[in-house]
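Enquirer: Let me give you the structure first, and then I'll get to my questions.
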Amino acid sequence: MSHSKYNKRGKSLYLDNWNPNAKKYINECNVCGHKGYSPAIEQPDFLSDTDKDPFTFSVNKAIYEELTKTFSALELDELGRCETCARIQDKK
């Protein structure tokens, strides 16, 4: 039986149960609550296979694939706001 029947949209069995450490790469806007992955996982050193530990590479690759499949990129400013919320709040 597929586990997808028990997960809601935007949820991932991998992120919730199997690798909860991947949650540190999920950004959430402090104003609207929109969630997305951190652009840090798109940096070349995150997926570099030149590490001496092949386990780290495979874990990072799994985190990258699951986050990009579940979320879109979300960059936050220094106040923890997404681009849309920052533009609305800075407008006077």
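Residue numbers start at 1 in each chain; chains themselves are named A, B, ... in the order of the structure tokens; ligands are numbered from 1 in the order shown.
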Tell me, as an MDAnalysis selection string, which residues lie within 10 Å of A:Leu74, counting only C-alpha atoms; anything in the same chain fewer than 5 positions away does not count.
Expert: chainID A and resid 26:29 34:39 81:83
Enquirer: Report the distance between atom CA of A:Gly80 and atom CA of A:Leu47 in Å, rounded to one decimal place.
Expert: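 Between atom CA of A:Gly80 and atom CA of A:Leu47 the gap is 25.4 Å.
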Enquirer: At what distance in Å, to one decimal, does atom CA of A:Ile63 lie from atom CA of A:Phe46?
Expert: 10.1 Å
Enquirer: Between atom CA of A:Tyr64 and atom CA of A:Val31, what is the spacing in Å?
Expert: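 Separation between atom CA of A:Val31 and atom CA of A:Tyr64: 25.5 Å.
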Enquirer: Point out the residue among A:Val59, A:Lys69, A:Asp90, A:Gln43 with the least atom-to-atom distance to A:Ala22, counting only C-alpha atoms.
Expert: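 Among the listed residues, A:Val59 lies closest to A:Ala22.
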